[in-house]
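> Take this structure, written in structure tokens, and hold onto it; I'll ask about it next.
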Amino acid sequence: MKNVLYSSTRAVTENRAPVSFSEALQTGIASDGGLFVPLSFPEARHKSVVGDSYYSHAADFMTPFISPDFSHADVLEICRRVFDFKVPLVPLAGSEWQDCFVLELFHGPTSSFKDFGAGVMGQMVGLLTKSSNNKVIVLVATSGDTGSAVAHGFSNVPNVEVVLLYPAGQVSELQEKQLIFPRRGVTACRVAGSFDTCQRLVKQAFAAPELSSLKLTSANSINVGRLIPQMTYYSWAASRVEGCPTFCVPSGNLGNLTAGTMAMKAGVKAKNFIAAHNENSFFPDELRKSNDMATRSIGNGSKRTISNAMDVGSPSNFERLRHMYSSEELRALVTGYSISDEDTKQSMRRVYEETGYIADPHTSVALESVRRFRRDQKENGPVVILSTAHPAKFASAVRANTGQEVSFPESLSQLDKRPLEELSADVMDLSDSLADLSSLILQIAGS
Ligand SMILES: *Cc1c(COP(=O)(O)O)cnc(C)c1O
């Protein structure tokens, strides 16, 4: 079998050489500022059967995309370590929701679907740097889920140090506890400023001359290493549903949806996709217009909503989707919806009343999108709804709209009980100037 190579979304293929998977993984972003995409989409050699374990299914699906840099045995071992949690496909009750299945992706260590991408990426970077004597420093600016998933996925990985920046006073108490929970190889920094300040500091660090001799990398969904593992749950769900499913994806940066379309190119059965957005409606708006779409999205500010992990004004993975599809193809494949906060709350209530299922706000945006899709398309084929966060992380919204208390998964309940002060012992306080951050990075790199 031929190896899959990766090229930049901005490269004209004839005049720029594509790179191997490990190079795409380690550099994160192409030198021309574009994002890496696979040049071919091999089908998995072994088709999954019911009774498979998730991890072996995932390893079979991923291996053709990342070999020979990673052998099948390596991939199997990585997947066995990371996917040690369940991935249930829950059928919804009630006549309105016939043939609708919720794919619960929130049973990982930080209760968010980001554990899939961040966990596997951490192990992959770890294998590549195991034999090197240069430490890799992973910088992440976060306002929520990404930070704790990356911190967890990269902690205890030899030769890798994570520096995590979050805005003081702008994450919830539980989120902060998840972020600062002491982990080997992770330094959490509370920055005096906003999320944008954190992002600016990370960008400045990448450009800083005093840090140029270090191996710095980033772990957000710009990195194709996050998307490859996310294809596996589409394949897993499709093999367990009768007929050809529509996938409904709660979307922000469009990494998850992009992974779904990549899985489809690699042979996963999918009828079409629903891009479920909150009031940040860039992509649904583009899908509705009739002109040719731009090739990337630039500079839309974001609105704050109750599904805050999807508060993205200018989705970075739009550039990948536009590289893989023409405007026409994208409009045929994807239906977009933008759901207001009011309708999100009502959706949470309605689904609970009609089916007994309790969904978090992100999943509720998706459920409302499915309802509208079925109404607009007048068809009731099978739908798989990706559920991206555990409802217990949004306990007050759930309580207000369903009257129910959801119990914490074990890991969150332990954390919830510990006082914030006790956990904050090792948190670094940083100013909004680069000098503080670079001296911290130099110190970590040298130790
Ligand atoms: C990150 C996140 C999303 C959005 O995923 P994208 O890949 O950025 O589109 C949706 N829901 C939750 C809970 C998230 O943490």
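Identifiers in the structure tokens: chain A, B, ... in order shown; residue index from 1 per chain; ligand index from 1 in order shown.
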Which of region 338-438 of chain A end up as strand (DSSP E or B) when DSSP is run on this backbone - answer as a ChimeraX atom specification?
/A:338,383-387,389,428-430
> Residues at most 8 Å from Pro18 (chain A), counting only C-alpha atoms, excluding those fewer than 2 positions away in the same chain, as an mmCIF file with N, CA, C and O atoms, in the first residue's frame?

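Contents of out_30.cif, as written:
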data_model
loop_
_atom_site.group_PDB
_atom_site.id
_atom_site.type_symbol
_atom_site.label_atom_id
_atom_site.label_comp_id
_atom_site.auth_asym_id
_atom_site.auth_seq_id
_atom_site.Cartn_x
_atom_site.Cartn_y
_atom_site.Cartn_z
ATOM 1 N N LEU A 5 0.598 10.878 1.954
ATOM 2 C CA LEU A 5 1.379 12.097 2.177
ATOM 3 C C LEU A 5 0.412 13.240 2.454
ATOM 4 O O LEU A 5 -0.776 13.164 2.160
ATOM 5 N N TYR A 6 0.959 14.306 3.027
ATOM 6 C CA TYR A 6 0.132 15.443 3.435
ATOM 7 C C TYR A 6 0.625 16.705 2.733
ATOM 8 O O TYR A 6 1.829 16.948 2.648
ATOM 9 N N SER A 7 -0.323 17.510 2.233
ATOM 10 C CA SER A 7 0.107 18.756 1.604
ATOM 11 C C SER A 7 -0.686 19.922 2.177
ATOM 12 O O SER A 7 -1.736 19.739 2.811
ATOM 13 N N SER A 8 -0.173 21.108 1.962
ATOM 14 C CA SER A 8 -0.812 22.303 2.505
ATOM 15 C C SER A 8 -2.034 22.689 1.673
ATOM 16 O O SER A 8 -2.046 22.528 0.461
ATOM 17 N N THR A 13 0.044 21.940 -5.832
ATOM 18 C CA THR A 13 0.686 20.644 -5.648
ATOM 19 C C THR A 13 1.954 20.470 -6.483
ATOM 20 O O THR A 13 2.935 19.906 -6.007
ATOM 21 N N ARG A 16 5.148 22.272 -4.715
ATOM 22 C CA ARG A 16 5.611 22.116 -3.334
ATOM 23 C C ARG A 16 5.516 20.651 -2.935
ATOM 24 O O ARG A 16 4.477 20.019 -3.119
ATOM 25 N N SER A 20 5.590 13.925 5.064
ATOM 26 C CA SER A 20 5.128 12.706 5.741
ATOM 27 C C SER A 20 4.190 13.092 6.886
ATOM 28 O O SER A 20 4.151 14.242 7.320
#
> Please provide as a list in words all residues within 8 Å of Leu214 (chain A), with the sequence filter that same-chain residues fewer than 5 positions apart are discarded (counting only C-alpha atoms).
Lys135, Val136, Ile137 and Ala445 of chain A
> Output the selection as a PDB file, in the first residue's frame - N, CA, C and O atoms for each residue.

ATOM      1  N   LYS A 135      13.785  18.399  24.403  1.00  0.00           N
ATOM      2  CA  LYS A 135      12.400  18.438  24.864  1.00  0.00           C
ATOM      3  C   LYS A 135      11.504  19.145  23.856  1.00  0.00           C
ATOM      4  O   LYS A 135      11.914  20.134  23.253  1.00  0.00           O
ATOM      5  N   VAL A 136      10.274  18.664  23.688  1.00  0.00           N
ATOM      6  CA  VAL A 136       9.282  19.379  22.895  1.00  0.00           C
ATOM      7  C   VAL A 136       8.411  20.159  23.869  1.00  0.00           C
ATOM      8  O   VAL A 136       7.989  19.625  24.901  1.00  0.00           O
ATOM      9  N   ILE A 137       8.159  21.422  23.546  1.00  0.00           N
ATOM     10  CA  ILE A 137       7.293  22.229  24.409  1.00  0.00           C
ATOM     11  C   ILE A 137       5.998  22.519  23.668  1.00  0.00           C
ATOM     12  O   ILE A 137       6.004  23.095  22.573  1.00  0.00           O
ATOM     13  N   ALA A 445      12.497  24.425  29.635  1.00  0.00           N
ATOM     14  CA  ALA A 445      13.295  23.725  28.623  1.00  0.00           C
ATOM     15  C   ALA A 445      14.647  23.292  29.192  1.00  0.00           C
ATOM     16  O   ALA A 445      15.180  22.251  28.828  1.00  0.00           O
TER      17      ALA A 445
END
> List all protein, DNA and RNA residues that have any atom at most 8 Å from ligand 1, counting only C-alpha atoms and all ligand atoms, and write the list as an MDAnalysis selection string.
chainID A and resid 112:114 144:146 221 249:258 307:310 312 315 362:363 387:390
> Save out the residues we just selected, N, CA, C and O atoms, as a short mmCIF file (atom, residue, chain, number, x, y, z; two decimals), in the first residue's frame.

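This is the output file result-v9.cif:
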data_model
loop_
_atom_site.label_atom_id
_atom_site.label_comp_id
_atom_site.auth_asym_id
_atom_site.auth_seq_id
_atom_site.Cartn_x
_atom_site.Cartn_y
_atom_site.Cartn_z
N SER A 112 -14.94 15.32 27.62
CA SER A 112 -15.22 16.03 26.38
C SER A 112 -14.69 15.19 25.22
O SER A 112 -13.76 14.41 25.37
N PHE A 113 -15.28 15.37 24.03
CA PHE A 113 -14.83 14.58 22.87
C PHE A 113 -13.40 14.94 22.48
O PHE A 113 -12.76 14.23 21.72
N LYS A 114 -12.89 16.05 23.00
CA LYS A 114 -11.52 16.45 22.65
C LYS A 114 -10.48 15.46 23.17
O LYS A 114 -9.34 15.46 22.72
N GLY A 144 -11.28 26.70 27.73
CA GLY A 144 -12.15 25.64 28.25
C GLY A 144 -11.65 24.25 27.96
O GLY A 144 -10.56 23.87 28.39
N ASP A 145 -12.43 23.50 27.19
CA ASP A 145 -12.22 22.06 27.00
C ASP A 145 -10.86 21.66 26.43
O ASP A 145 -10.29 20.65 26.82
N THR A 146 -10.36 22.44 25.47
CA THR A 146 -9.14 22.02 24.80
C THR A 146 -7.99 21.88 25.79
O THR A 146 -7.25 20.90 25.76
N SER A 221 -6.82 22.34 16.88
CA SER A 221 -7.32 21.50 15.79
C SER A 221 -6.81 21.94 14.42
O SER A 221 -7.20 21.40 13.40
N VAL A 249 -23.30 17.21 13.65
CA VAL A 249 -22.06 17.54 14.37
C VAL A 249 -22.14 18.92 15.01
O VAL A 249 -22.22 19.94 14.31
N PRO A 250 -22.13 19.00 16.36
CA PRO A 250 -22.07 20.31 17.03
C PRO A 250 -20.74 20.97 16.68
O PRO A 250 -19.69 20.39 16.97
N SER A 251 -20.77 22.15 16.05
CA SER A 251 -19.55 22.65 15.42
C SER A 251 -19.14 24.05 15.87
O SER A 251 -19.97 24.90 16.15
N GLY A 252 -17.82 24.24 15.93
CA GLY A 252 -17.23 25.53 16.24
C GLY A 252 -16.14 25.83 15.23
O GLY A 252 -16.33 26.53 14.25
N ASN A 253 -14.97 25.23 15.46
CA ASN A 253 -13.85 25.38 14.52
C ASN A 253 -13.94 24.43 13.34
O ASN A 253 -13.06 24.42 12.48
N LEU A 254 -14.96 23.58 13.31
CA LEU A 254 -15.23 22.64 12.21
C LEU A 254 -14.20 21.53 12.07
O LEU A 254 -14.14 20.86 11.04
N GLY A 255 -13.41 21.29 13.13
CA GLY A 255 -12.46 20.17 13.10
C GLY A 255 -13.20 18.83 13.08
O GLY A 255 -12.87 17.93 12.30
N ASN A 256 -14.22 18.73 13.91
CA ASN A 256 -14.97 17.48 14.02
C ASN A 256 -15.67 17.16 12.70
O ASN A 256 -15.61 16.03 12.20
N LEU A 257 -16.32 18.15 12.11
CA LEU A 257 -17.02 17.93 10.84
C LEU A 257 -16.02 17.56 9.73
O LEU A 257 -16.28 16.68 8.91
N THR A 258 -14.89 18.24 9.72
CA THR A 258 -13.86 17.93 8.72
C THR A 258 -13.41 16.47 8.86
O THR A 258 -13.27 15.76 7.85
N SER A 307 -23.44 27.57 24.70
CA SER A 307 -22.64 26.43 24.21
C SER A 307 -21.26 26.99 23.87
O SER A 307 -20.85 27.06 22.71
N ASN A 308 -20.52 27.38 24.92
CA ASN A 308 -19.36 28.26 24.73
C ASN A 308 -18.17 27.64 24.02
O ASN A 308 -17.34 28.35 23.47
N ALA A 309 -18.10 26.30 23.99
CA ALA A 309 -16.97 25.69 23.27
C ALA A 309 -17.14 25.84 21.75
O ALA A 309 -16.24 25.53 20.99
N MET A 310 -18.30 26.33 21.33
CA MET A 310 -18.53 26.53 19.90
C MET A 310 -18.60 28.02 19.54
O MET A 310 -19.07 28.39 18.48
N VAL A 312 -17.05 30.39 18.05
CA VAL A 312 -15.96 30.65 17.11
C VAL A 312 -16.52 31.47 15.96
O VAL A 312 -17.46 31.03 15.29
N PRO A 315 -14.09 30.00 11.75
CA PRO A 315 -13.65 28.61 11.95
C PRO A 315 -12.42 28.25 11.12
O PRO A 315 -12.44 28.35 9.89
N HIS A 362 -24.26 21.92 24.03
CA HIS A 362 -23.69 21.71 22.70
C HIS A 362 -24.47 20.65 21.93
O HIS A 362 -24.81 20.80 20.76
N THR A 363 -24.79 19.55 22.64
CA THR A 363 -25.57 18.47 22.04
C THR A 363 -27.00 18.94 21.77
O THR A 363 -27.62 18.51 20.78
N SER A 387 -22.42 13.62 20.46
CA SER A 387 -22.55 14.34 21.72
C SER A 387 -21.15 14.63 22.25
O SER A 387 -20.38 13.72 22.51
N THR A 388 -20.84 15.94 22.39
CA THR A 388 -19.45 16.33 22.58
C THR A 388 -19.04 16.62 24.02
O THR A 388 -17.86 16.72 24.32
N ALA A 389 -20.02 16.82 24.92
CA ALA A 389 -19.66 17.11 26.32
C ALA A 389 -20.63 16.43 27.28
O ALA A 389 -21.81 16.25 26.97
N HIS A 390 -20.12 16.07 28.44
CA HIS A 390 -20.95 15.45 29.48
C HIS A 390 -21.90 16.50 30.07
O HIS A 390 -21.45 17.61 30.40
#
> Pick from A:Gly313, A:Pro382, A:Gly34, A:Pro182: nearest to Ala11 (chain A), with only C-alpha atoms counted?
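So, comparing all the options, the nearest one is A:Gly34.
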> Select, from A:Asp196, A:Glu379, A:Asp341, A:Glu421, the residue with the minimum atom-to-atom distance to Pro361 (chain A), counting only C-alpha atoms.
A:Asp341
> List as a PDB file with all heavy atoms, in the first residue's frame the protein and nucleic acid residues near Leu92 (chain A), meaning an atom at most 8 Å away when only C-alpha atoms are counted, but skip any in the same chain fewer than 2 places from it.

ATOM      1  N   VAL A  90     -26.483   5.579  21.686  1.00  0.00           N
ATOM      2  CA  VAL A  90     -27.731   5.456  22.441  1.00  0.00           C
ATOM      3  C   VAL A  90     -28.936   5.798  21.563  1.00  0.00           C
ATOM      4  O   VAL A  90     -29.054   6.932  21.098  1.00  0.00           O
ATOM      5  CB  VAL A  90     -27.718   6.420  23.657  1.00  0.00           C
ATOM      6  CG1 VAL A  90     -28.978   6.286  24.489  1.00  0.00           C
ATOM      7  CG2 VAL A  90     -26.469   6.201  24.511  1.00  0.00           C
ATOM      8  N   GLY A  94     -39.188   7.542  21.738  1.00  0.00           N
ATOM      9  CA  GLY A  94     -40.210   8.499  21.311  1.00  0.00           C
ATOM     10  C   GLY A  94     -40.351   8.543  19.801  1.00  0.00           C
ATOM     11  O   GLY A  94     -39.366   8.477  19.070  1.00  0.00           O
ATOM     12  N   TRP A  97     -38.383  10.809  17.397  1.00  0.00           N
ATOM     13  CA  TRP A  97     -36.924  10.613  17.314  1.00  0.00           C
ATOM     14  C   TRP A  97     -36.553   9.219  16.850  1.00  0.00           C
ATOM     15  O   TRP A  97     -35.470   8.729  17.144  1.00  0.00           O
ATOM     16  CB  TRP A  97     -36.298  10.920  18.688  1.00  0.00           C
ATOM     17  CG  TRP A  97     -36.546  12.336  19.112  1.00  0.00           C
ATOM     18  CD1 TRP A  97     -37.579  12.790  19.876  1.00  0.00           C
ATOM     19  CD2 TRP A  97     -35.785  13.488  18.745  1.00  0.00           C
ATOM     20  NE1 TRP A  97     -37.502  14.156  20.022  1.00  0.00           N
ATOM     21  CE2 TRP A  97     -36.404  14.608  19.341  1.00  0.00           C
ATOM     22  CE3 TRP A  97     -34.629  13.684  17.980  1.00  0.00           C
ATOM     23  CZ2 TRP A  97     -35.916  15.911  19.188  1.00  0.00           C
ATOM     24  CZ3 TRP A  97     -34.143  14.965  17.830  1.00  0.00           C
ATOM     25  CH2 TRP A  97     -34.798  16.067  18.427  1.00  0.00           C
ATOM     26  N   GLN A  98     -37.471   8.616  16.118  1.00  0.00           N
ATOM     27  CA  GLN A  98     -37.199   7.282  15.622  1.00  0.00           C
ATOM     28  C   GLN A  98     -35.940   7.278  14.752  1.00  0.00           C
ATOM     29  O   GLN A  98     -35.759   8.190  13.937  1.00  0.00           O
ATOM     30  CB  GLN A  98     -38.385   6.808  14.795  1.00  0.00           C
ATOM     31  CG  GLN A  98     -38.429   5.318  14.747  1.00  0.00           C
ATOM     32  CD  GLN A  98     -39.736   4.824  14.129  1.00  0.00           C
ATOM     33  OE1 GLN A  98     -40.624   5.597  13.811  1.00  0.00           O
ATOM     34  NE2 GLN A  98     -39.820   3.525  13.957  1.00  0.00           N
ATOM     35  N   ASP A  99     -35.116   6.259  14.947  1.00  0.00           N
ATOM     36  CA  ASP A  99     -33.898   6.114  14.147  1.00  0.00           C
ATOM     37  C   ASP A  99     -32.855   7.218  14.398  1.00  0.00           C
ATOM     38  O   ASP A  99     -32.014   7.481  13.548  1.00  0.00           O
ATOM     39  CB  ASP A  99     -34.240   6.056  12.653  1.00  0.00           C
ATOM     40  CG  ASP A  99     -33.961   4.669  12.080  1.00  0.00           C
ATOM     41  OD1 ASP A  99     -33.443   3.815  12.831  1.00  0.00           O
ATOM     42  OD2 ASP A  99     -34.240   4.445  10.899  1.00  0.00           O
ATOM     43  N   CYS A 100     -32.978   7.874  15.564  1.00  0.00           N
ATOM     44  CA  CYS A 100     -31.938   8.840  15.952  1.00  0.00           C
ATOM     45  C   CYS A 100     -31.074   8.209  17.050  1.00  0.00           C
ATOM     46  O   CYS A 100     -31.603   7.638  18.007  1.00  0.00           O
ATOM     47  CB  CYS A 100     -32.559  10.121  16.510  1.00  0.00           C
ATOM     48  SG  CYS A 100     -33.327  11.117  15.242  1.00  0.00           S
ATOM     49  N   PHE A 101     -29.763   8.324  16.903  1.00  0.00           N
ATOM     50  CA  PHE A 101     -28.828   7.718  17.846  1.00  0.00           C
ATOM     51  C   PHE A 101     -27.860   8.778  18.351  1.00  0.00           C
ATOM     52  O   PHE A 101     -27.283   9.510  17.547  1.00  0.00           O
ATOM     53  CB  PHE A 101     -28.027   6.602  17.173  1.00  0.00           C
ATOM     54  CG  PHE A 101     -28.886   5.530  16.572  1.00  0.00           C
ATOM     55  CD1 PHE A 101     -29.376   5.670  15.272  1.00  0.00           C
ATOM     56  CD2 PHE A 101     -29.210   4.397  17.303  1.00  0.00           C
ATOM     57  CE1 PHE A 101     -30.178   4.686  14.709  1.00  0.00           C
ATOM     58  CE2 PHE A 101     -30.012   3.404  16.742  1.00  0.00           C
ATOM     59  CZ  PHE A 101     -30.501   3.551  15.442  1.00  0.00           C
ATOM     60  N   VAL A 102     -27.687   8.843  19.665  1.00  0.00           N
ATOM     61  CA  VAL A 102     -26.702   9.776  20.214  1.00  0.00           C
ATOM     62  C   VAL A 102     -25.387   9.019  20.424  1.00  0.00           C
ATOM     63  O   VAL A 102     -25.346   8.012  21.132  1.00  0.00           O
ATOM     64  CB  VAL A 102     -27.180  10.370  21.559  1.00  0.00           C
ATOM     65  CG1 VAL A 102     -26.124  11.327  22.117  1.00  0.00           C
ATOM     66  CG2 VAL A 102     -28.508  11.101  21.374  1.00  0.00           C
ATOM     67  N   THR A 355     -38.162  12.264  25.303  1.00  0.00           N
ATOM     68  CA  THR A 355     -37.377  11.014  25.256  1.00  0.00           C
ATOM     69  C   THR A 355     -36.764  10.618  26.597  1.00  0.00           C
ATOM     70  O   THR A 355     -36.295   9.493  26.746  1.00  0.00           O
ATOM     71  CB  THR A 355     -36.192  11.144  24.264  1.00  0.00           C
ATOM     72  OG1 THR A 355     -35.214  12.013  24.858  1.00  0.00           O
ATOM     73  CG2 THR A 355     -36.626  11.728  22.937  1.00  0.00           C
ATOM     74  N   TYR A 357     -34.018  11.833  27.581  1.00  0.00           N
ATOM     75  CA  TYR A 357     -32.559  11.972  27.430  1.00  0.00           C
ATOM     76  C   TYR A 357     -32.108  13.358  27.878  1.00  0.00           C
ATOM     77  O   TYR A 357     -32.719  14.370  27.505  1.00  0.00           O
ATOM     78  CB  TYR A 357     -32.151  11.736  25.968  1.00  0.00           C
ATOM     79  CG  TYR A 357     -30.639  11.604  25.810  1.00  0.00           C
ATOM     80  CD1 TYR A 357     -30.008  10.390  26.057  1.00  0.00           C
ATOM     81  CD2 TYR A 357     -29.850  12.699  25.457  1.00  0.00           C
ATOM     82  CE1 TYR A 357     -28.632  10.253  25.951  1.00  0.00           C
ATOM     83  CE2 TYR A 357     -28.470  12.587  25.350  1.00  0.00           C
ATOM     84  CZ  TYR A 357     -27.867  11.356  25.594  1.00  0.00           C
ATOM     85  OH  TYR A 357     -26.507  11.239  25.490  1.00  0.00           O
TER      86      TYR A 357
END
> Excluding same-chain residues fewer than 5 positions from Tyr233 (chain A), what lies within 9 Å of it counting only C-alpha atoms, as a PDB file with N, CA, C and O atoms, in the first residue's frame?

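Final output, saved to result-v6.pdb:
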ATOM      1  N   TYR A  54     -13.367  -0.954  20.710  1.00  0.00           N
ATOM      2  CA  TYR A  54     -13.199   0.346  20.048  1.00  0.00           C
ATOM      3  C   TYR A  54     -11.744   0.557  19.644  1.00  0.00           C
ATOM      4  O   TYR A  54     -11.440   1.027  18.552  1.00  0.00           O
ATOM      5  N   ALA A  58     -10.306   1.405  15.977  1.00  0.00           N
ATOM      6  CA  ALA A  58      -9.658   2.693  15.728  1.00  0.00           C
ATOM      7  C   ALA A  58      -8.266   2.491  15.132  1.00  0.00           C
ATOM      8  O   ALA A  58      -7.871   3.176  14.183  1.00  0.00           O
ATOM      9  N   VAL A  87     -17.740   4.035  24.350  1.00  0.00           N
ATOM     10  CA  VAL A  87     -18.218   4.960  23.318  1.00  0.00           C
ATOM     11  C   VAL A  87     -19.627   4.511  22.912  1.00  0.00           C
ATOM     12  O   VAL A  87     -19.815   3.905  21.857  1.00  0.00           O
ATOM     13  N   LEU A 103     -24.347   9.504  19.773  1.00  0.00           N
ATOM     14  CA  LEU A 103     -23.023   8.897  19.933  1.00  0.00           C
ATOM     15  C   LEU A 103     -22.308   9.664  21.041  1.00  0.00           C
ATOM     16  O   LEU A 103     -21.890  10.807  20.861  1.00  0.00           O
ATOM     17  N   LEU A 105     -19.556  10.855  23.106  1.00  0.00           N
ATOM     18  CA  LEU A 105     -18.095  10.939  22.967  1.00  0.00           C
ATOM     19  C   LEU A 105     -17.456  11.560  24.208  1.00  0.00           C
ATOM     20  O   LEU A 105     -16.325  12.019  24.154  1.00  0.00           O
ATOM     21  N   ALA A 238     -20.990   4.206  12.074  1.00  0.00           N
ATOM     22  CA  ALA A 238     -21.595   3.793  10.804  1.00  0.00           C
ATOM     23  C   ALA A 238     -21.692   2.274  10.725  1.00  0.00           C
ATOM     24  O   ALA A 238     -22.668   1.734  10.180  1.00  0.00           O
ATOM     25  N   GLY A 260     -15.158  14.063   9.907  1.00  0.00           N
ATOM     26  CA  GLY A 260     -16.255  13.240   9.382  1.00  0.00           C
ATOM     27  C   GLY A 260     -16.205  13.118   7.865  1.00  0.00           C
ATOM     28  O   GLY A 260     -16.373  12.032   7.309  1.00  0.00           O
TER      29      GLY A 260
END
> Pick out the closest residue to Asp436 (chain A) from this set: A:Val120, A:Val138, A:Val75, A:Ala192. Count only C-alpha atoms.
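When distances to Asp436 (chain A) are compared using only C-alpha atoms, the smallest one comes from A:Ala192.
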> What lies within 6 Å of Ser364 (chain A) using only C-alpha atoms, ignoring chain neighbours under 4 positions off, as a list in words?
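My list of contacting residues is Thr344, Ser347, Met348 and Ala359 of chain A.
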> Looking at only C-alpha atoms, which of A:Tyr325, A:Phe394, A:Phe61, A:Phe70 is the one that sits closest to Gln230 (chain A)?
A:Phe61
> When you count only C-alpha atoms, which of these residues is closest to Asp60 (chain A): A:Ser290, A:Asn300, A:Ser433, A:Ser235?
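Smallest separation from Asp60 (chain A) among the options: A:Ser235.
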> If we count only C-alpha atoms, what is near region 41-43 of chain A at a cut-off of 9 Å, once residues fewer than 6 positions away on the same chain are taken out, given as a VMD selection string?
chain A and resid 1 to 2 4 61 64 to 65 262 to 263 265 to 268
> Measuring between only C-alpha atoms, which one of A:Arg320, A:Arg418, A:Lys130, A:Lys378 shows the shortest distance to Phe36 (chain A)?
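Smallest distance to Phe36 (chain A) is found for A:Arg320.
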> When you draw a straight line from CA of Val160 (chain A) to CA of Ala207 (chain A), how long is it in Å?
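A separation of 20.1 Å between them.
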> Separation of CA of Gly336 (chain A) and CA of Pro88 (chain A), in Å?
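Interatomic distance, CA of Gly336 (chain A) to CA of Pro88 (chain A): 25.4 Å.
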